[in-house]
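Student: My file is entry-v8.cif. It has mmCIF, C-alpha atoms:
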data_start
loop_
_atom_site.label_atom_id
_atom_site.label_comp_id
_atom_site.auth_asym_id
_atom_site.auth_seq_id
_atom_site.Cartn_x
_atom_site.Cartn_y
_atom_site.Cartn_z
CA MET P 1 -24.84 -0.17 5.65
CA LYS P 2 -22.92 1.22 2.72
CA GLN P 3 -19.65 2.91 3.55
CA ARG P 4 -18.96 4.87 0.37
CA PHE P 5 -18.87 8.29 2.00
CA PHE P 6 -16.72 7.19 4.90
CA SER P 7 -14.08 5.27 2.96
CA PHE P 8 -10.65 6.72 3.47
CA ILE P 9 -9.54 3.29 2.39
CA LEU P 10 -6.32 2.83 0.57
CA ILE P 11 -5.83 -0.19 -1.63
CA PHE P 12 -2.13 -0.69 -1.62
CA SER P 13 -1.50 -3.99 -3.34
CA LEU P 14 -0.14 -2.08 -6.15
CA PHE P 15 0.59 1.09 -4.31
CA GLY P 16 2.93 0.03 -1.58
CA GLY P 17 6.27 1.80 -1.68
CA LEU P 18 9.97 1.17 -1.47
CA LEU P 19 13.58 2.44 -1.57
CA SER P 20 15.56 4.11 1.26
CA ALA P 21 18.94 5.67 1.86
CA GLU P 22 18.62 6.52 5.53
CA ASN P 23 21.30 5.63 8.05
CA VAL P 24 18.93 5.07 10.97
CA ILE P 25 18.43 1.54 9.69
CA SER P 26 21.02 -0.90 8.39
CA ASP P 27 22.10 -1.27 4.79
CA TYR P 28 20.86 -4.85 5.10
CA THR P 29 17.25 -3.79 5.71
CA THR P 30 17.49 -1.02 3.13
CA ASP P 31 18.69 -3.53 0.55
CA LYS P 32 15.88 -5.97 1.36
CA VAL P 33 13.32 -3.23 0.87
CA GLU P 34 14.94 -2.01 -2.33
CA GLU P 35 15.15 -5.50 -3.77
CA PHE P 36 11.43 -5.98 -3.25
CA VAL P 37 10.20 -2.84 -5.00
CA THR P 38 10.45 -4.32 -8.47
CA TYR P 39 10.15 -7.97 -7.49
CA ARG P 40 6.73 -7.41 -5.93
CA VAL P 41 5.52 -6.12 -9.29
CA VAL P 42 6.83 -9.25 -10.98
CA LEU P 43 4.97 -11.36 -8.39
CA LYS P 44 1.67 -9.89 -9.60
CA SER P 45 1.91 -12.12 -12.68
CA VAL P 46 2.78 -15.25 -10.67
CA LYS P 47 0.19 -17.78 -9.51
CA ASP P 48 -0.94 -17.00 -5.99
CA ASP P 49 0.20 -20.30 -4.45
CA ILE P 50 3.70 -19.77 -5.82
CA ALA P 51 3.65 -16.15 -4.64
CA TYR P 52 2.63 -17.24 -1.11
CA ASP P 53 5.56 -19.62 -0.85
CA THR P 54 8.00 -17.11 -2.31
CA ILE P 55 6.96 -14.29 0.01
CA LEU P 56 7.01 -16.46 3.13
CA LYS P 57 10.45 -17.84 2.24
CA MET P 58 11.83 -14.34 1.64
CA LYS P 59 10.39 -13.16 4.96
CA GLU P 60 11.82 -16.11 6.88
CA GLU P 61 15.28 -15.68 5.38
CA ALA P 62 15.33 -11.90 5.84
CA LEU P 63 14.29 -12.02 9.50
CA ALA P 64 16.68 -14.88 10.29
CA GLU P 65 19.67 -12.79 9.23
CA LEU P 66 18.44 -9.48 10.63
CA PRO P 67 20.02 -9.77 14.13
CA LYS P 68 23.48 -9.91 12.52
CA HIS P 69 23.01 -6.62 10.70
CA ALA P 70 20.40 -4.43 12.39
CA LEU P 71 21.27 -0.98 13.70
CA ASP P 72 17.82 -0.76 15.30
CA PHE P 73 16.39 -4.26 15.57
CA GLU P 74 12.93 -3.24 16.84
CA GLN P 75 12.36 -0.81 13.99
CA GLU P 76 13.89 -2.97 11.27
CA GLU P 77 11.91 -6.04 12.32
CA CYS P 78 8.71 -4.01 12.03
CA ILE P 79 9.72 -2.77 8.58
CA LEU P 80 10.53 -6.21 7.20
CA GLU P 81 7.51 -7.91 8.75
CA SER P 82 5.25 -5.24 7.27
CA LEU P 83 6.97 -5.39 3.89
CA TYR P 84 6.21 -9.06 3.37
CA LEU P 85 2.86 -9.10 5.19
CA THR P 86 1.31 -6.46 2.95
CA GLU P 87 2.29 -8.34 -0.18
CA PHE P 88 1.14 -11.67 1.25
CA TYR P 89 -2.19 -10.00 2.10
CA GLU P 90 -2.60 -8.86 -1.48
CA HIS P 91 -2.20 -12.36 -2.87
CA SER P 92 -4.40 -13.84 -0.15
CA LEU P 93 -7.24 -11.33 -0.29
CA THR P 94 -9.47 -13.27 -2.65
CA ALA P 95 -9.11 -16.61 -0.84
CA SER P 96 -12.44 -17.73 0.56
CA GLY P 97 -13.07 -17.23 4.25
CA ASN P 98 -9.75 -15.65 5.22
CA GLN P 99 -10.73 -11.99 5.65
CA LYS P 100 -11.05 -12.16 9.42
CA GLU P 101 -7.66 -13.80 9.97
CA LEU P 102 -5.88 -11.49 7.53
CA ARG P 103 -7.39 -8.47 9.24
CA ARG P 104 -6.30 -9.78 12.64
CA GLN P 105 -2.72 -10.09 11.36
CA MET P 106 -2.81 -6.56 10.01
CA LYS P 107 -4.11 -5.20 13.32
CA ASN P 108 -1.38 -6.98 15.29
CA GLN P 109 1.29 -5.58 12.96
CA MET P 110 -0.26 -2.12 13.08
CA LYS P 111 -0.19 -2.07 16.89
CA LYS P 112 3.40 -3.35 16.96
CA ASN P 113 4.52 -0.66 14.51
CA MET P 114 2.74 2.10 16.39
CA THR P 115 4.34 0.98 19.64
CA CYS P 116 7.72 1.13 17.93
CA ILE P 117 7.03 4.69 16.76
CA ASP P 118 5.95 5.66 20.29
CA ASN P 119 9.09 4.08 21.76
CA HIS P 120 11.24 6.20 19.48
CA LYS P 121 9.37 9.37 20.39
CA GLU P 122 9.56 10.48 16.76
CA LYS P 123 13.37 10.41 16.81
CA ASN P 124 15.54 8.41 14.43
CA ILE P 125 12.57 6.87 12.65
CA SER P 126 13.00 5.54 9.13
CA GLU P 127 10.67 6.70 6.40
CA TRP P 128 9.90 3.02 5.91
CA LEU P 129 8.48 2.59 9.38
CA TYR P 130 6.08 5.45 8.68
CA GLN P 131 5.34 4.12 5.20
CA PHE P 132 4.56 0.55 6.22
CA THR P 133 2.68 1.53 9.36
CA ALA P 134 0.38 3.55 7.13
CA ASP P 135 0.05 0.60 4.76
CA VAL P 136 -0.91 -2.00 7.37
CA THR P 137 -3.25 0.46 9.08
CA SER P 138 -4.98 1.09 5.77
CA TYR P 139 -5.57 -2.60 5.24
CA TYR P 140 -6.84 -3.03 8.79
CA MET P 141 -9.37 -0.21 8.64
CA THR P 142 -10.87 -1.37 5.33
CA ARG P 143 -14.62 -2.03 5.60
CA SER P 144 -14.95 -0.52 9.08
CA VAL P 145 -16.50 2.95 9.47
CA ALA P 146 -15.40 3.24 13.10
CA ALA P 147 -11.80 2.16 12.44
CA THR P 148 -11.65 4.43 9.39
CA PHE P 149 -12.71 7.46 11.40
CA PHE P 150 -10.21 6.65 14.14
CA TYR P 151 -7.20 5.82 11.95
CA GLY P 152 -7.84 7.61 8.65
CA MET P 153 -6.02 10.84 9.47
CA LYS P 154 -3.20 8.94 11.15
CA VAL P 155 -2.57 7.14 7.86
CA LYS P 156 -2.34 10.44 6.00
CA GLY P 157 0.05 11.79 8.62
CA TYR P 158 2.35 8.78 8.38
CA TYR P 159 2.66 9.14 4.61
CA GLU P 160 3.36 12.83 5.00
CA LYS P 161 6.09 12.08 7.56
CA ALA P 162 7.67 9.59 5.15
CA ILE P 163 7.80 12.30 2.49
CA GLU P 164 9.22 14.83 4.96
CA ILE P 165 12.11 12.46 5.54
CA ASN P 166 12.63 11.82 1.84
CA LYS P 167 11.04 14.27 -0.58
CA ASN P 168 12.00 12.03 -3.51
CA ARG P 169 9.99 9.07 -2.33
CA ALA P 170 7.86 8.18 -5.37
CA SER P 171 5.97 5.37 -3.68
CA SER P 172 4.98 7.54 -0.72
CA TYR P 173 3.56 10.13 -3.11
CA VAL P 174 1.56 7.37 -4.80
CA CYS P 175 0.18 6.20 -1.46
CA LEU P 176 -0.70 9.73 -0.39
CA GLY P 177 -2.38 10.18 -3.77
CA ASN P 178 -4.40 7.03 -3.14
CA TRP P 179 -5.46 8.38 0.24
CA CYS P 180 -6.67 11.59 -1.42
CA PHE P 181 -8.45 9.65 -4.15
CA TYR P 182 -10.50 7.55 -1.75
CA ALA P 183 -11.03 10.18 0.98
CA PRO P 184 -13.99 12.59 0.80
CA ARG P 185 -13.18 16.21 0.02
CA ILE P 186 -14.48 17.29 3.42
CA PHE P 187 -11.55 15.43 4.96
CA GLY P 188 -8.94 16.69 2.51
CA GLY P 189 -9.36 14.25 -0.36
CA GLY P 190 -10.27 14.70 -3.99
CA LEU P 191 -9.12 13.93 -7.53
CA LYS P 192 -7.08 17.11 -7.97
CA LYS P 193 -5.00 16.47 -4.85
CA ALA P 194 -4.58 12.84 -5.83
CA GLN P 195 -3.31 13.76 -9.28
CA LYS P 196 -0.86 16.28 -7.82
CA HIS P 197 0.74 13.55 -5.70
CA TYR P 198 0.82 11.10 -8.62
CA GLU P 199 2.59 13.75 -10.72
CA SER P 200 5.15 14.18 -7.95
CA ALA P 201 5.67 10.41 -7.94
CA GLU P 202 6.24 10.35 -11.69
CA ALA P 203 8.72 13.22 -11.44
CA CYS P 204 10.96 11.49 -8.89
CA ALA P 205 10.58 7.80 -9.78
CA GLU P 206 13.98 6.33 -10.66
CA ILE P 207 13.74 2.55 -10.58
CA ASP P 208 11.38 0.40 -12.61
CA GLY P 209 9.20 -0.70 -9.72
CA GLU P 210 8.44 2.88 -8.72
CA LYS P 211 7.96 3.95 -12.33
CA TYR P 212 5.38 1.18 -12.67
CA LEU P 213 3.44 2.52 -9.67
CA ALA P 214 3.58 6.09 -10.96
CA TYR P 215 2.55 5.17 -14.51
CA ILE P 216 -0.51 3.13 -13.56
CA SER P 217 -1.56 5.81 -11.06
CA MET P 218 -1.26 8.49 -13.73
CA SER P 219 -3.07 6.24 -16.19
CA GLN P 220 -6.06 5.69 -13.95
CA ILE P 221 -6.37 9.22 -12.61
CA ASN P 222 -6.50 10.35 -16.22
CA TYR P 223 -9.14 7.74 -16.91
CA GLU P 224 -11.18 9.07 -13.98
CA ASN P 225 -10.82 12.56 -15.47
CA LYS P 226 -12.09 11.31 -18.87
CA ASN P 227 -8.66 11.69 -20.51
CA LYS P 228 -8.80 8.20 -21.95
CA GLU P 229 -6.07 8.59 -24.56
CA THR P 230 -3.62 9.87 -21.94
CA ALA P 231 -4.65 6.97 -19.72
CA LYS P 232 -3.73 4.54 -22.51
CA GLU P 233 -0.39 6.25 -23.06
CA TYR P 234 0.60 5.82 -19.42
CA LEU P 235 -0.54 2.22 -19.47
CA GLU P 236 1.72 1.64 -22.46
CA LYS P 237 4.61 3.12 -20.49
CA ALA P 238 3.97 0.61 -17.71
CA ILE P 239 3.79 -2.23 -20.24
CA ALA P 240 7.11 -1.13 -21.75
CA LEU P 241 8.85 -1.76 -18.39
CA ASP P 242 8.28 -5.48 -19.07
CA LEU P 243 7.61 -6.46 -15.45
CA GLY P 244 4.61 -8.64 -16.22
CA ARG P 245 1.23 -8.15 -17.85
CA LYS P 246 -1.38 -9.72 -15.56
CA ASP P 247 -2.41 -6.56 -13.68
CA LEU P 248 -1.90 -4.36 -16.73
CA ASP P 249 -4.18 -6.52 -18.84
CA LEU P 250 -6.74 -6.38 -16.04
CA ILE P 251 -6.53 -2.58 -15.95
CA ALA P 252 -7.10 -2.46 -19.71
CA ARG P 253 -10.15 -4.72 -19.39
CA CYS P 254 -11.59 -2.57 -16.61
CA ASN P 255 -11.21 0.54 -18.73
CA GLU P 256 -12.79 -1.16 -21.74
CA LYS P 257 -15.79 -2.00 -19.55
CA GLY P 258 -16.14 1.62 -18.45
CA TYR P 259 -14.54 1.87 -15.01
CA SER P 260 -11.12 2.52 -13.57
CA TYR P 261 -8.77 0.16 -11.78
CA PHE P 262 -9.31 2.28 -8.67
CA GLN P 263 -12.99 1.33 -8.75
CA TYR P 264 -12.13 -2.32 -9.37
CA LEU P 265 -9.89 -2.37 -6.29
CA ARG P 266 -12.57 -0.67 -4.25
CA ASN P 267 -15.15 -3.23 -5.27
CA ARG P 268 -12.82 -6.17 -4.66
CA SER P 269 -11.87 -5.00 -1.17
CA GLY P 270 -15.49 -4.88 -0.01
CA ILE P 271 -15.21 -1.28 1.17
CA ASP P 272 -18.85 -0.52 0.50
CA GLU P 273 -20.20 -3.71 2.05
CA GLU P 274 -21.37 -4.14 5.61
CA MET P 275 -18.82 -6.09 7.61
CA ALA P 276 -20.09 -9.40 8.99
CA GLU P 277 -20.62 -9.33 12.75
CA ASP P 278 -18.17 -12.16 13.34
CA GLU P 279 -15.42 -10.16 11.61
CA LYS P 280 -15.77 -7.12 13.83
CA ASP P 281 -13.56 -6.35 16.80
CA GLU P 282 -13.84 -3.78 19.58
CA GLU P 283 -12.61 -0.95 17.35
CA ASP P 284 -15.41 -1.49 14.81
CA LYS P 285 -18.21 -0.65 17.23
#
Once you've parsed the file, please lay out its structure as structure tokens.

Tutor:
Amino acid sequence: MKQRFFSFILIFSLFGGLLSAENVISDYTTDKVEEFVTYRVVLKSVKDDIAYDTILKMKEEALAELPKHALDFEQEECILESLYLTEFYEHSLTASGNQKELRRQMKNQMKKNMTCIDNHKEKNISEWLYQFTADVTSYYMTRSVAATFFYGMKVKGYYEKAIEINKNRASSYVCLGNWCFYAPRIFGGGLKKAQKHYESAEACAEIDGEKYLAYISMSQINYENKNKETAKEYLEKAIALDLGRKDLDLIARCNEKGYSYFQYLRNRSGIDEEMAEDEKDEEDK
């Protein structure tokens, strides 16, 4: 059964977000998140096997040192685990036969993060816990109508909470824009709302990694709106950041063939395909 109408799905390989100045988490965790915002873009041009090893090593080292620095170990562990898991997922997504295991990992992380949020009773929660809980939930619910209906609005709410905490969070605006892009209008989605959030992201982006996210989002929303010259101009802005060309060249090829990078990501993720029975869990039925 096709799932086009029901897809609230967010494809966050390129749209995951970063940067925090809150004091509810340690400077150590904040720094680890900040360091990754641009580095994860660079990793997009690295061979996947090298990226796997790099991400796993960074995760291992970050978590090993966390107990020495954490102000809130439960929350900061969830943030760092989610940070590296989402990027590892992106590089692993095309590997044959691993969808079920990757989805299981995302579900486990999602549940752990949600438990952490519940334990805090919405007090002293970092924007990054909301941000990454939305990210891992989005990956988990991909390709499942039932899970999408159950979690779709929760994802939107988490991104909105992240922005409430920090109204200058470019990456959260990008992610909320992605949600609006893929969600049907009847549930609050649509191109106009998506573009509004992407414009907010562009307005507040300060570091190169966030500028990259904002520029490619603005490029492709303009492509969707038939403003192809503007789309090219934003793509050139992303190229000028000199963070790597692999994804940018792919975006250009997609546009030359007549479709946006958003559509490419949708097709690659398998959103509109029926999930195999052996991949389903109790929340997919």

Student: Could you work out how far CA of Val41 in chain P lies from CA of Lys154 in chain P, giving the answer in Å with one decimal?

Tutor: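 About the pair CA of Lys154 in chain P and CA of Val41 in chain P: they are 26.8 Å apart.
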
Student: Can you tell me how far CA of Ala146 in chain P sits from CA of Tyr84 in chain P, in Å to one decimal?

Tutor: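 If I compute the distance from CA of Ala146 in chain P to CA of Tyr84 in chain P, I get 26.7 Å.
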
Student: Step by step, work through what the PyMOL selection byres ((chain P and resi 183-198) around 9) selects in the shown file, and finish by giving those residues as a PDB file with C-alpha atoms, in the frame of the given file.

Tutor:
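The new file out-v1.pdb reads:
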ATOM      1  CA  PHE P   5     -18.870   8.290   2.000  1.00  0.00           C
ATOM      2  CA  PHE P   6     -16.720   7.190   4.900  1.00  0.00           C
ATOM      3  CA  SER P   7     -14.080   5.270   2.960  1.00  0.00           C
ATOM      4  CA  PHE P   8     -10.650   6.720   3.470  1.00  0.00           C
ATOM      5  CA  ILE P   9      -9.540   3.290   2.390  1.00  0.00           C
ATOM      6  CA  LEU P  10      -6.320   2.830   0.570  1.00  0.00           C
ATOM      7  CA  GLY P 152      -7.840   7.610   8.650  1.00  0.00           C
ATOM      8  CA  MET P 153      -6.020  10.840   9.470  1.00  0.00           C
ATOM      9  CA  ALA P 170       7.860   8.180  -5.370  1.00  0.00           C
ATOM     10  CA  SER P 172       4.980   7.540  -0.720  1.00  0.00           C
ATOM     11  CA  TYR P 173       3.560  10.130  -3.110  1.00  0.00           C
ATOM     12  CA  VAL P 174       1.560   7.370  -4.800  1.00  0.00           C
ATOM     13  CA  CYS P 175       0.180   6.200  -1.460  1.00  0.00           C
ATOM     14  CA  LEU P 176      -0.700   9.730  -0.390  1.00  0.00           C
ATOM     15  CA  GLY P 177      -2.380  10.180  -3.770  1.00  0.00           C
ATOM     16  CA  ASN P 178      -4.400   7.030  -3.140  1.00  0.00           C
ATOM     17  CA  TRP P 179      -5.460   8.380   0.240  1.00  0.00           C
ATOM     18  CA  CYS P 180      -6.670  11.590  -1.420  1.00  0.00           C
ATOM     19  CA  PHE P 181      -8.450   9.650  -4.150  1.00  0.00           C
ATOM     20  CA  TYR P 182     -10.500   7.550  -1.750  1.00  0.00           C
ATOM     21  CA  GLU P 199       2.590  13.750 -10.720  1.00  0.00           C
ATOM     22  CA  SER P 200       5.150  14.180  -7.950  1.00  0.00           C
ATOM     23  CA  ALA P 201       5.670  10.410  -7.940  1.00  0.00           C
ATOM     24  CA  GLU P 202       6.240  10.350 -11.690  1.00  0.00           C
ATOM     25  CA  ALA P 203       8.720  13.220 -11.440  1.00  0.00           C
ATOM     26  CA  ALA P 214       3.580   6.090 -10.960  1.00  0.00           C
ATOM     27  CA  TYR P 215       2.550   5.170 -14.510  1.00  0.00           C
ATOM     28  CA  SER P 217      -1.560   5.810 -11.060  1.00  0.00           C
ATOM     29  CA  MET P 218      -1.260   8.490 -13.730  1.00  0.00           C
ATOM     30  CA  ILE P 221      -6.370   9.220 -12.610  1.00  0.00           C
ATOM     31  CA  ASN P 222      -6.500  10.350 -16.220  1.00  0.00           C
ATOM     32  CA  GLU P 224     -11.180   9.070 -13.980  1.00  0.00           C
ATOM     33  CA  ASN P 225     -10.820  12.560 -15.470  1.00  0.00           C
TER      34      ASN P 225
END

Student: Mind checking which residues fall within 12 Å of Phe88 in chain P, counting all atoms listed in the file, ignoring those fewer than 6 positions away in the same chain, and posting them as a PyMOL selection string?

Tutor: chain P and resi 12-13+40+43-44+48-59+81-82+94-95+102+105-106+136+139

Student: Could you tell me how far CA of Leu83 in chain P sits from CA of Ala238 in chain P, in Å to one decimal place?

Tutor: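 So the two atoms, CA of Ala238 in chain P and CA of Leu83 in chain P, lie 22.6 Å apart.
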
Student: Which residue out of P:Asn108, P:Thr29, P:Ser171, P:Asn166 has the minimum interatomic distance to Leu63 in chain P when only C-alpha atoms are used?

Tutor: P:Thr29

Student: Write range 207-218 of chain P as a PDB file, in the frame of the given file, completed to all heavy atoms.

Tutor:
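rebuild30.pdb written:
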ATOM      1  N   ILE P 207      13.598   3.966 -10.264  1.00  0.00           N
ATOM      2  CA  ILE P 207      13.740   2.550 -10.580  1.00  0.00           C
ATOM      3  C   ILE P 207      12.435   2.019 -11.161  1.00  0.00           C
ATOM      4  O   ILE P 207      11.366   2.607 -10.989  1.00  0.00           O
ATOM      5  CB  ILE P 207      14.181   1.731  -9.363  1.00  0.00           C
ATOM      6  CG1 ILE P 207      13.132   1.780  -8.261  1.00  0.00           C
ATOM      7  CG2 ILE P 207      15.526   2.198  -8.846  1.00  0.00           C
ATOM      8  CD1 ILE P 207      13.459   0.892  -7.084  1.00  0.00           C
ATOM      9  N   ASP P 208      12.520   0.895 -11.844  1.00  0.00           N
ATOM     10  CA  ASP P 208      11.380   0.400 -12.610  1.00  0.00           C
ATOM     11  C   ASP P 208      10.144   0.139 -11.753  1.00  0.00           C
ATOM     12  O   ASP P 208       9.023   0.429 -12.171  1.00  0.00           O
ATOM     13  CB  ASP P 208      11.769  -0.872 -13.365  1.00  0.00           C
ATOM     14  CG  ASP P 208      12.630  -0.588 -14.576  1.00  0.00           C
ATOM     15  OD1 ASP P 208      12.802   0.608 -14.925  1.00  0.00           O
ATOM     16  OD2 ASP P 208      13.133  -1.557 -15.188  1.00  0.00           O
ATOM     17  N   GLY P 209      10.348  -0.411 -10.560  1.00  0.00           N
ATOM     18  CA  GLY P 209       9.200  -0.700  -9.720  1.00  0.00           C
ATOM     19  C   GLY P 209       8.409   0.541  -9.345  1.00  0.00           C
ATOM     20  O   GLY P 209       7.178   0.539  -9.324  1.00  0.00           O
ATOM     21  N   GLU P 210       9.118   1.636  -9.064  1.00  0.00           N
ATOM     22  CA  GLU P 210       8.440   2.880  -8.720  1.00  0.00           C
ATOM     23  C   GLU P 210       7.847   3.554  -9.955  1.00  0.00           C
ATOM     24  O   GLU P 210       6.793   4.184  -9.884  1.00  0.00           O
ATOM     25  CB  GLU P 210       9.392   3.815  -7.991  1.00  0.00           C
ATOM     26  CG  GLU P 210       9.699   3.343  -6.571  1.00  0.00           C
ATOM     27  CD  GLU P 210      10.300   4.441  -5.713  1.00  0.00           C
ATOM     28  OE1 GLU P 210      11.197   5.149  -6.214  1.00  0.00           O
ATOM     29  OE2 GLU P 210       9.877   4.578  -4.556  1.00  0.00           O
ATOM     30  N   LYS P 211       8.531   3.423 -11.090  1.00  0.00           N
ATOM     31  CA  LYS P 211       7.960   3.950 -12.330  1.00  0.00           C
ATOM     32  C   LYS P 211       6.636   3.267 -12.648  1.00  0.00           C
ATOM     33  O   LYS P 211       5.675   3.904 -13.085  1.00  0.00           O
ATOM     34  CB  LYS P 211       8.942   3.761 -13.485  1.00  0.00           C
ATOM     35  CG  LYS P 211      10.175   4.653 -13.415  1.00  0.00           C
ATOM     36  CD  LYS P 211      11.130   4.358 -14.563  1.00  0.00           C
ATOM     37  CE  LYS P 211      12.379   5.216 -14.467  1.00  0.00           C
ATOM     38  NZ  LYS P 211      13.345   4.899 -15.558  1.00  0.00           N
ATOM     39  N   TYR P 212       6.603   1.952 -12.431  1.00  0.00           N
ATOM     40  CA  TYR P 212       5.380   1.180 -12.670  1.00  0.00           C
ATOM     41  C   TYR P 212       4.232   1.737 -11.837  1.00  0.00           C
ATOM     42  O   TYR P 212       3.130   1.970 -12.348  1.00  0.00           O
ATOM     43  CB  TYR P 212       5.655  -0.279 -12.300  1.00  0.00           C
ATOM     44  CG  TYR P 212       4.476  -1.216 -12.425  1.00  0.00           C
ATOM     45  CD1 TYR P 212       4.278  -1.970 -13.573  1.00  0.00           C
ATOM     46  CD2 TYR P 212       3.576  -1.374 -11.372  1.00  0.00           C
ATOM     47  CE1 TYR P 212       3.214  -2.842 -13.687  1.00  0.00           C
ATOM     48  CE2 TYR P 212       2.499  -2.247 -11.471  1.00  0.00           C
ATOM     49  CZ  TYR P 212       2.324  -2.979 -12.622  1.00  0.00           C
ATOM     50  OH  TYR P 212       1.268  -3.846 -12.726  1.00  0.00           O
ATOM     51  N   LEU P 213       4.485   1.981 -10.541  1.00  0.00           N
ATOM     52  CA  LEU P 213       3.440   2.520  -9.670  1.00  0.00           C
ATOM     53  C   LEU P 213       2.971   3.891 -10.152  1.00  0.00           C
ATOM     54  O   LEU P 213       1.775   4.175 -10.183  1.00  0.00           O
ATOM     55  CB  LEU P 213       3.968   2.644  -8.238  1.00  0.00           C
ATOM     56  CG  LEU P 213       4.399   1.360  -7.533  1.00  0.00           C
ATOM     57  CD1 LEU P 213       4.939   1.694  -6.150  1.00  0.00           C
ATOM     58  CD2 LEU P 213       3.251   0.375  -7.444  1.00  0.00           C
ATOM     59  N   ALA P 214       3.928   4.737 -10.520  1.00  0.00           N
ATOM     60  CA  ALA P 214       3.580   6.090 -10.960  1.00  0.00           C
ATOM     61  C   ALA P 214       2.799   6.056 -12.267  1.00  0.00           C
ATOM     62  O   ALA P 214       1.807   6.789 -12.428  1.00  0.00           O
ATOM     63  CB  ALA P 214       4.847   6.923 -11.123  1.00  0.00           C
ATOM     64  N   TYR P 215       3.215   5.220 -13.215  1.00  0.00           N
ATOM     65  CA  TYR P 215       2.550   5.170 -14.510  1.00  0.00           C
ATOM     66  C   TYR P 215       1.104   4.683 -14.405  1.00  0.00           C
ATOM     67  O   TYR P 215       0.211   5.245 -15.033  1.00  0.00           O
ATOM     68  CB  TYR P 215       3.316   4.278 -15.475  1.00  0.00           C
ATOM     69  CG  TYR P 215       4.671   4.813 -15.898  1.00  0.00           C
ATOM     70  CD1 TYR P 215       5.663   3.948 -16.378  1.00  0.00           C
ATOM     71  CD2 TYR P 215       4.972   6.174 -15.831  1.00  0.00           C
ATOM     72  CE1 TYR P 215       6.901   4.422 -16.764  1.00  0.00           C
ATOM     73  CE2 TYR P 215       6.208   6.657 -16.210  1.00  0.00           C
ATOM     74  CZ  TYR P 215       7.183   5.771 -16.679  1.00  0.00           C
ATOM     75  OH  TYR P 215       8.410   6.245 -17.060  1.00  0.00           O
ATOM     76  N   ILE P 216       0.875   3.621 -13.640  1.00  0.00           N
ATOM     77  CA  ILE P 216      -0.510   3.130 -13.560  1.00  0.00           C
ATOM     78  C   ILE P 216      -1.387   4.100 -12.762  1.00  0.00           C
ATOM     79  O   ILE P 216      -2.581   4.226 -13.047  1.00  0.00           O
ATOM     80  CB  ILE P 216      -0.592   1.697 -12.993  1.00  0.00           C
ATOM     81  CG1 ILE P 216      -0.018   1.590 -11.608  1.00  0.00           C
ATOM     82  CG2 ILE P 216       0.059   0.703 -13.942  1.00  0.00           C
ATOM     83  CD1 ILE P 216      -0.170   0.200 -11.002  1.00  0.00           C
ATOM     84  N   SER P 217      -0.793   4.790 -11.793  1.00  0.00           N
ATOM     85  CA  SER P 217      -1.560   5.810 -11.060  1.00  0.00           C
ATOM     86  C   SER P 217      -1.944   6.956 -11.988  1.00  0.00           C
ATOM     87  O   SER P 217      -3.097   7.413 -11.993  1.00  0.00           O
ATOM     88  CB  SER P 217      -0.745   6.336  -9.881  1.00  0.00           C
ATOM     89  OG  SER P 217      -0.436   5.308  -8.973  1.00  0.00           O
ATOM     90  N   MET P 218      -0.979   7.423 -12.784  1.00  0.00           N
ATOM     91  CA  MET P 218      -1.260   8.490 -13.730  1.00  0.00           C
ATOM     92  C   MET P 218      -2.247   8.029 -14.800  1.00  0.00           C
ATOM     93  O   MET P 218      -3.110   8.795 -15.249  1.00  0.00           O
ATOM     94  CB  MET P 218       0.039   8.977 -14.375  1.00  0.00           C
ATOM     95  CG  MET P 218       0.916   9.802 -13.454  1.00  0.00           C
ATOM     96  SD  MET P 218       0.121  11.365 -12.970  1.00  0.00           S
ATOM     97  CE  MET P 218       0.057  12.214 -14.565  1.00  0.00           C
TER      98      MET P 218
END
